[in-house]
Amino acid sequence: VTVVLAHAGHWLPQLLYLAPLVVLIGAIVVGRLRERRERRSGEQSD
Amino acid sequence: VWVIAHGIVGRADLPIPTELFGVGAALVLVLSFLALAAGWSRPRLERVPERVLLRVPVAVEAILGAAGVAAFAATVWAGLEGTSAQSANLAPTAVYVGFWIAVPFASLVLGDVFRLLSPWRAVGRYGVEPWTRRADAFGVWFGMFARLAPLARRDDGRLVLRPPVAGAARLRAIAGTTAVLVIGIGSTGFDGAKEGPLFNDLAGTIQDALTGAGLTKGFALELAFVVGLLVAVALVGAIWRLGTLGMPPAGDGRTALARRFVHALIPIAAAYLVAHYFSLLAYNGQDLWRLASDPLGNGADYFGGAGATIDYSVVSATAIWYVQTGALVLGHVAGLVLAHDRALAVYGSPRAATRSQLVMLVVMVLFTLLGMWLLSAALNT
């Protein structure tokens with residue numbers, strides 16, 4: 001199956017709008033993982 | 001001498017109407033707000049880890065300070081002795097492009113470069129540090145942008161790496177900090193508005209009224225621009241005031257509360273700066289090489305670049321539009337993040353923090369739409 005992205009060059013740049021949102025979600029996920037890791041290491045040391 | 005402080009930009013070939021860009025930007029802000037509410041539940045920017053990279057040698061500071069003094073002296077010399085033809089004299093481009101735009105752009109990436117380049121700091125001996133940090137308007141203004149940079153220089157001379165934007169959370173606002181940021185955003189916004197039809201129609205009406213009152217046409221037009229500038233600053237101040245009034249009290253007074261959140265305006269100021277001046281830097285910034293080679297416009301060629309011309313194909317008008325709108329969206333999302341993180345520190349629970357920032361979300365959307373409207377007005381002129 002060939003996916004045809006008609007006029008992709010015209011609308012693909014609009015997706016750049018979502019870049020800040022993607023970065024933000026990435027930062028949230030990384031922060032959550034880090035917090036979980038810190039909590040676990042804290043529980044183990046107790 | 002008339003200084004046309006804007007790059008020559010062709011019309012952007014946009015695939016969708018400019019209004020839809022505003023809708024898209026507002027949508028991204030709302031989604032970012034929801035993401036923060038759902039996943040950012042502890043203040044993370046109050047204390048961020050920094051990685052020490054190296055110690056900046058004293059010799060580097062001395063060289064950069066000397067370069068700042070030399071650039072300042074060359075600009076003054078060109079201003080006093082050079083040709084009165086604006087495009088052939090180093091001074092206007094050095095001030096309006098090199099100093100006023102390139103320095104804050106560099107600060108966004110490299111940190112507080114003006115601190116090292118400042119001719120005042122280089123030659124000053126007594127009281128220069130507090131003056132640079134608090135009284136030198138340029139030092140304070142450029143220093144705001146440096147807080148967003150991933151690089152920073154500590155007082156002990158160490159260069160450190162930190163998450164971008166995080167430095168803004170360290171701002172300890174004092175009397176005047178809010179005014180600096182509001183005036184910075186308002187004046188940049190007015191610089192965009194004066195290119196659009198709304199202000200030009202209004203300026204004509206004000207000019208006619210003042211001319212009828214006995215003023216000369218030129219003076220009346222200048223006053224119309226002053227009125228426009230004051231209205232733009234007042235509008236930005238009113239929007240910010242709306243955002244701070246929408247937050248519940250936190251026990252230390254309304255003014256103190258507003259100051260605790262004012263660092264959220266820094267990325268917005270940066271967004272307005274990039275949105276409005278990127279094209280000027282991309283095009284007219286190239287002209288600095290030619291003008292440095294022939295600063296007085298008398299046919300000299302000190303650095304071999306006197307024959308250089310501006311390459312307008314270096315970036316297309318459409319690409320400039322995307323950089324401008326991208327900067328607006330990124331800046332306002334960063335402002336939301338800073339405000340949300342501070343709200344968590346102030347109000348404690350994620351729910352209370354999120355509720356406190358609902359009006360701030362409206363403020364960010366208003367600032368974004370204002371910026372988009374200014375850009376599209378200039379685009380369609």
# chains A, B, ... in the order shown; residues from 1 in each chain; ligands from 1
call {"tool": "residues_around", "arguments": {"residues": "region 165-173 of chain B", "least_positions_apart": "5", "cutoff": "6 Å", "atoms": "only C-alpha atoms", "output": "number ranges by chain"}}
result
B: 45, 147-148, 259, 263
call {"tool": "write_last_selection", "arguments": {"atoms": "all heavy atoms", "output": "PDB file, in the first residue's frame"}}
result
ATOM      1  N   LEU B  45      11.306  23.866  38.910  1.00  0.00           N
ATOM      2  CA  LEU B  45      12.227  24.901  38.422  1.00  0.00           C
ATOM      3  C   LEU B  45      12.770  25.789  39.535  1.00  0.00           C
ATOM      4  O   LEU B  45      13.587  26.664  39.273  1.00  0.00           O
ATOM      5  CB  LEU B  45      11.514  25.764  37.369  1.00  0.00           C
ATOM      6  CG  LEU B  45      10.992  25.011  36.153  1.00  0.00           C
ATOM      7  CD1 LEU B  45      10.258  25.948  35.198  1.00  0.00           C
ATOM      8  CD2 LEU B  45      12.144  24.316  35.416  1.00  0.00           C
ATOM      9  N   ARG B 147      18.562  34.809  30.975  1.00  0.00           N
ATOM     10  CA  ARG B 147      18.010  33.846  31.929  1.00  0.00           C
ATOM     11  C   ARG B 147      17.339  32.662  31.238  1.00  0.00           C
ATOM     12  O   ARG B 147      17.095  31.633  31.848  1.00  0.00           O
ATOM     13  CB  ARG B 147      16.981  34.543  32.841  1.00  0.00           C
ATOM     14  CG  ARG B 147      17.603  35.513  33.800  1.00  0.00           C
ATOM     15  CD  ARG B 147      16.569  36.226  34.640  1.00  0.00           C
ATOM     16  NE  ARG B 147      17.210  37.121  35.580  1.00  0.00           N
ATOM     17  CZ  ARG B 147      17.698  36.744  36.753  1.00  0.00           C
ATOM     18  NH1 ARG B 147      17.585  35.496  37.145  1.00  0.00           N
ATOM     19  NH2 ARG B 147      18.286  37.617  37.541  1.00  0.00           N
ATOM     20  N   LEU B 148      17.010  32.816  29.973  1.00  0.00           N
ATOM     21  CA  LEU B 148      16.377  31.710  29.231  1.00  0.00           C
ATOM     22  C   LEU B 148      17.412  30.788  28.601  1.00  0.00           C
ATOM     23  O   LEU B 148      17.076  29.705  28.117  1.00  0.00           O
ATOM     24  CB  LEU B 148      15.472  32.278  28.128  1.00  0.00           C
ATOM     25  CG  LEU B 148      14.363  33.241  28.573  1.00  0.00           C
ATOM     26  CD1 LEU B 148      13.639  33.794  27.361  1.00  0.00           C
ATOM     27  CD2 LEU B 148      13.384  32.532  29.504  1.00  0.00           C
ATOM     28  N   ARG B 259       4.718  40.005  41.618  1.00  0.00           N
ATOM     29  CA  ARG B 259       6.166  39.955  41.371  1.00  0.00           C
ATOM     30  C   ARG B 259       6.696  38.527  41.346  1.00  0.00           C
ATOM     31  O   ARG B 259       7.661  38.224  40.657  1.00  0.00           O
ATOM     32  CB  ARG B 259       6.896  40.745  42.456  1.00  0.00           C
ATOM     33  CG  ARG B 259       6.883  42.230  42.200  1.00  0.00           C
ATOM     34  CD  ARG B 259       7.779  42.934  43.183  1.00  0.00           C
ATOM     35  NE  ARG B 259       7.560  44.375  43.144  1.00  0.00           N
ATOM     36  CZ  ARG B 259       7.986  45.213  44.064  1.00  0.00           C
ATOM     37  NH1 ARG B 259       8.651  44.761  45.104  1.00  0.00           N
ATOM     38  NH2 ARG B 259       7.763  46.508  43.944  1.00  0.00           N
ATOM     39  N   HIS B 263       8.328  36.663  36.216  1.00  0.00           N
ATOM     40  CA  HIS B 263       9.339  36.014  35.363  1.00  0.00           C
ATOM     41  C   HIS B 263       8.688  35.291  34.180  1.00  0.00           C
ATOM     42  O   HIS B 263       9.372  35.007  33.190  1.00  0.00           O
ATOM     43  CB  HIS B 263      10.192  35.052  36.179  1.00  0.00           C
ATOM     44  CG  HIS B 263       9.421  33.913  36.762  1.00  0.00           C
ATOM     45  ND1 HIS B 263       8.372  34.077  37.629  1.00  0.00           N
ATOM     46  CD2 HIS B 263       9.541  32.582  36.583  1.00  0.00           C
ATOM     47  CE1 HIS B 263       7.880  32.900  37.959  1.00  0.00           C
ATOM     48  NE2 HIS B 263       8.566  31.975  37.340  1.00  0.00           N
TER      49      HIS B 263
END
call {"tool": "residues_around", "arguments": {"residues": "Gly228 (chain B)", "least_positions_apart": "3", "cutoff": "12 Å", "atoms": "only C-alpha atoms", "output": "list in words"}}
result
Gly186, Ser187, Thr188, Gly189, Phe190, Asp191, Gly192, Ala193, Lys194, Glu195, Leu198, Phe199, Asn200, Asp201, Leu202, Ala203, Gly204, Ile206, Gln207, Leu221, Glu222, Leu223, Ala224, Phe225, Val231, Ala232, Val233, Ala234 and Leu235 of chain B
call {"tool": "select_by_dssp", "arguments": {"residues": "region 73-257 of chain B", "states": "strand (DSSP E)", "output": "PDB file with all heavy atoms, in the first residue's frame"}}
result
ATOM      1  N   LEU B 151      23.086  28.213  28.824  1.00  0.00           N
ATOM      2  CA  LEU B 151      24.415  28.488  29.369  1.00  0.00           C
ATOM      3  C   LEU B 151      24.342  29.684  30.315  1.00  0.00           C
ATOM      4  O   LEU B 151      23.584  30.621  30.079  1.00  0.00           O
ATOM      5  CB  LEU B 151      25.409  28.798  28.245  1.00  0.00           C
ATOM      6  CG  LEU B 151      25.759  27.655  27.298  1.00  0.00           C
ATOM      7  CD1 LEU B 151      26.586  28.185  26.132  1.00  0.00           C
ATOM      8  CD2 LEU B 151      26.533  26.557  28.026  1.00  0.00           C
ATOM      9  N   ALA B 152      25.133  29.621  31.373  1.00  0.00           N
ATOM     10  CA  ALA B 152      25.190  30.751  32.302  1.00  0.00           C
ATOM     11  C   ALA B 152      26.586  30.830  32.898  1.00  0.00           C
ATOM     12  O   ALA B 152      27.278  29.813  33.017  1.00  0.00           O
ATOM     13  CB  ALA B 152      24.154  30.591  33.408  1.00  0.00           C
ATOM     14  N   ARG B 153      26.971  32.050  33.236  1.00  0.00           N
ATOM     15  CA  ARG B 153      28.277  32.237  33.879  1.00  0.00           C
ATOM     16  C   ARG B 153      28.040  32.649  35.319  1.00  0.00           C
ATOM     17  O   ARG B 153      27.384  33.661  35.585  1.00  0.00           O
ATOM     18  CB  ARG B 153      29.066  33.316  33.140  1.00  0.00           C
ATOM     19  CG  ARG B 153      30.436  33.578  33.698  1.00  0.00           C
ATOM     20  CD  ARG B 153      31.075  34.749  32.962  1.00  0.00           C
ATOM     21  NE  ARG B 153      32.139  35.341  33.730  1.00  0.00           N
ATOM     22  CZ  ARG B 153      31.968  36.204  34.736  1.00  0.00           C
ATOM     23  NH1 ARG B 153      30.748  36.556  35.089  1.00  0.00           N
ATOM     24  NH2 ARG B 153      32.999  36.704  35.379  1.00  0.00           N
ATOM     25  N   ARG B 158      32.655  30.455  36.580  1.00  0.00           N
ATOM     26  CA  ARG B 158      32.405  29.127  36.004  1.00  0.00           C
ATOM     27  C   ARG B 158      31.250  29.197  35.011  1.00  0.00           C
ATOM     28  O   ARG B 158      30.206  29.797  35.292  1.00  0.00           O
ATOM     29  CB  ARG B 158      32.088  28.118  37.096  1.00  0.00           C
ATOM     30  CG  ARG B 158      33.300  27.724  37.922  1.00  0.00           C
ATOM     31  CD  ARG B 158      32.992  26.444  38.696  1.00  0.00           C
ATOM     32  NE  ARG B 158      34.191  25.877  39.297  1.00  0.00           N
ATOM     33  CZ  ARG B 158      34.520  26.058  40.570  1.00  0.00           C
ATOM     34  NH1 ARG B 158      33.745  26.761  41.352  1.00  0.00           N
ATOM     35  NH2 ARG B 158      35.628  25.507  41.055  1.00  0.00           N
ATOM     36  N   LEU B 159      31.435  28.525  33.886  1.00  0.00           N
ATOM     37  CA  LEU B 159      30.377  28.418  32.875  1.00  0.00           C
ATOM     38  C   LEU B 159      29.582  27.149  33.161  1.00  0.00           C
ATOM     39  O   LEU B 159      30.170  26.063  33.292  1.00  0.00           O
ATOM     40  CB  LEU B 159      31.007  28.348  31.472  1.00  0.00           C
ATOM     41  CG  LEU B 159      30.043  28.486  30.296  1.00  0.00           C
ATOM     42  CD1 LEU B 159      29.510  29.906  30.201  1.00  0.00           C
ATOM     43  CD2 LEU B 159      30.743  28.119  28.991  1.00  0.00           C
ATOM     44  N   VAL B 160      28.259  27.272  33.294  1.00  0.00           N
ATOM     45  CA  VAL B 160      27.440  26.108  33.634  1.00  0.00           C
ATOM     46  C   VAL B 160      26.374  25.865  32.573  1.00  0.00           C
ATOM     47  O   VAL B 160      25.948  26.776  31.867  1.00  0.00           O
ATOM     48  CB  VAL B 160      26.768  26.269  35.021  1.00  0.00           C
ATOM     49  CG1 VAL B 160      27.802  26.346  36.122  1.00  0.00           C
ATOM     50  CG2 VAL B 160      25.850  27.475  35.039  1.00  0.00           C
ATOM     51  N   LEU B 161      25.961  24.583  32.498  1.00  0.00           N
ATOM     52  CA  LEU B 161      24.894  24.161  31.594  1.00  0.00           C
ATOM     53  C   LEU B 161      23.658  23.869  32.433  1.00  0.00           C
ATOM     54  O   LEU B 161      23.754  23.220  33.486  1.00  0.00           O
ATOM     55  CB  LEU B 161      25.335  22.900  30.834  1.00  0.00           C
ATOM     56  CG  LEU B 161      24.437  22.419  29.693  1.00  0.00           C
ATOM     57  CD1 LEU B 161      24.453  23.406  28.539  1.00  0.00           C
ATOM     58  CD2 LEU B 161      24.897  21.041  29.211  1.00  0.00           C
TER      59      LEU B 161
END
call {"tool": "residues_around", "arguments": {"residues": "region 363-379 of chain B", "least_positions_apart": "2", "cutoff": "6 Å", "atoms": "only C-alpha atoms", "output": "JSON, numbers by chain"}}
result
{"B": [22, 26, 192, 193, 195, 196, 243, 360, 361, 381]}
call {"tool": "closest_atom_pairs", "arguments": {"of": "chain B", "to": "chain A", "cutoff": "10 Å", "atoms": "only C-alpha atoms", "output": "tab-separated table"}}
result
residue	atom	partner	partner_atom	distance
B:Asp13	CA	A:His10	CA	9.9
B:Leu14	CA	A:His10	CA	8.3
B:Pro15	CA	A:His10	CA	5.9
B:Ile16	CA	A:Trp11	CA	8.6
B:Phe21	CA	A:Gln14	CA	8.5
B:Gly24	CA	A:Tyr17	CA	7.4
B:Ala25	CA	A:Tyr17	CA	7.0
B:Leu27	CA	A:Leu18	CA	9.6
B:Val28	CA	A:Leu21	CA	6.6
B:Leu29	CA	A:Leu21	CA	8.1
B:Val30	CA	A:Leu21	CA	9.9
B:Leu31	CA	A:Leu21	CA	7.5
B:Ser32	CA	A:Leu21	CA	5.8
B:Phe33	CA	A:Leu21	CA	9.6
B:Ala35	CA	A:Ile25	CA	6.8
B:Leu36	CA	A:Ile28	CA	7.7
B:Ala38	CA	A:Ile28	CA	9.3
B:Gly39	CA	A:Ile28	CA	6.0
B:Trp40	CA	A:Ile28	CA	6.0
B:Ser41	CA	A:Arg32	CA	8.9
B:Arg42	CA	A:Gly31	CA	9.3
B:Arg44	CA	A:Gly31	CA	8.2
B:Ala319	CA	A:Pro13	CA	9.6
B:Tyr322	CA	A:Pro13	CA	7.9
B:Val323	CA	A:Leu16	CA	9.9
B:Thr325	CA	A:Tyr17	CA	8.3
B:Gly326	CA	A:Tyr17	CA	6.3
B:Ala327	CA	A:Tyr17	CA	9.7
B:Leu328	CA	A:Tyr17	CA	9.9
B:Val329	CA	A:Tyr17	CA	7.1
B:Leu330	CA	A:Pro20	CA	5.5
B:Gly331	CA	A:Pro20	CA	9.0
B:His332	CA	A:Pro20	CA	9.5
B:Val333	CA	A:Pro20	CA	6.9
B:Ala334	CA	A:Pro20	CA	8.4
B:Val337	CA	A:Leu24	CA	8.4
call {"tool": "atom_distance", "arguments": {"atom1": "CA of Leu265 (chain B)", "atom2": "CA of Glu46 (chain B)"}}
result
16.6 Å
call {"tool": "closest_residue", "arguments": {"among": "B:Pro248, B:Gly285, B:Pro43, B:Gly253", "to": "Leu358 (chain B)", "atoms": "only C-alpha atoms"}}
result
B:Pro248
